[in-house]
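Structure record follows, encoded as structure tokens.
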Amino acid sequence: MVNVDAGGGDRLALAVVVQYRMATTEQMHLLTAPGVRIEQTRRRLAKLRAEGLVDRITLPQAGRTRVWFPTEYGARIAASWPELRNCAPRLRRGSDPTVVRLAAGHGLTVTETALAFVQDARRRGDVCMPLDWIPEVHHPLGNGEAVIPDGLFYYERRSQNRDGGDGWR
């Protein structure tokens with residue numbers, strides 16, 4: 001079908017909230033829709049909340065910053081999407097306000113780090129999209145031990161080939 005708004009912006013917003021586990025309104029705006037006014041992002045998040053896909057808490061000590069997180073329902077829906085297939089096993093669960101509040105300091109810092117890479121890639125003409133950052137990827141070492149970094153990301157950098165043409169690495 002042509003000229004049909006199939007909710008692509010809603011889908012990206014939900015996918016980002018689910019994959020990142022939490023993000024402020026401003027972080028969501030800069031990750032998913034930096035070219036529009038932030039009011040559009042606020043409306044999109046309010047719509048997803050009304051549909052039971054995301055929820056929010058307000059951090060009073062941070063200037064009443066709103067932190068968005070997936071509900072169990074939202075996480076279950078998004079976990080089946082191909083763009084989240086690398087994260088599906090850990091995405092089937094949502095979160096709750098207490099968990100988000102207690103983890104907000106670290107969680108929002110991890111989201112801010114991802115945002116810095118995405119914004120820098122946009123400025124440089126490189127490729128690092130919002131879903132190219134995958135938090136807490138489990139890397140087994142054996143004997144029941146594992147390394148779980150804060151994030152793993154995919155980044156393609158535009159470079160000049162020896163013959164003067166553009167390439168990627």
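In the structure tokens, the first chain shown is A, the next is B, and so on; residue numbers restart at 1 for each chain, and ligands run from 1 in the order shown.
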Would you give me, as a tab-separated table, each residue of segment 46-102 of chain A having an atom within 10 Å of an atom of segment 26-34 of chain A, along with its shortest atom pair and that distance in Å to one decimal, using only C-alpha atoms and sorting by chain and residue number?
```
residue	atom	partner	partner_atom	distance
A:Thr65	CA	A:Glu26	CA	9.1
A:Arg66	CA	A:Glu26	CA	8.9
A:Val67	CA	A:Gln27	CA	9.4
A:Trp68	CA	A:Met28	CA	8.6
```
Requested in this report: Just list the residues in segment 9-127 of chain A DSSP gives alpha helix (DSSP H) on the backbone, as a PyMOL selection string.
Outcome: chain A and resi 9-20+25-32+38-50+72-78+88-91+97-124
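The spacing separating atom CA of Arg85 of chain A from atom CA of Ala13 of chain A amounts to 16.3 Å.
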Requested in this report: Return as a PyMOL selection string the full set of residues in segment 1-162 of chain A whose backbone-based DSSP assignment is strand (DSSP E).
Outcome: chain A and resi 23-24+54-59+65-70+133-135+139-142+145-147+151-153+158-160
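You can rank A:Leu131, A:Ala79, A:Leu48, A:Leu102 by their closest distance to Phe117 of chain A using only C-alpha atoms, and at the top of that list sits A:Leu131.
Rounded to one decimal, atom CA of Ala114 of chain A and atom CA of Pro130 of chain A lie 7.7 Å from each other.
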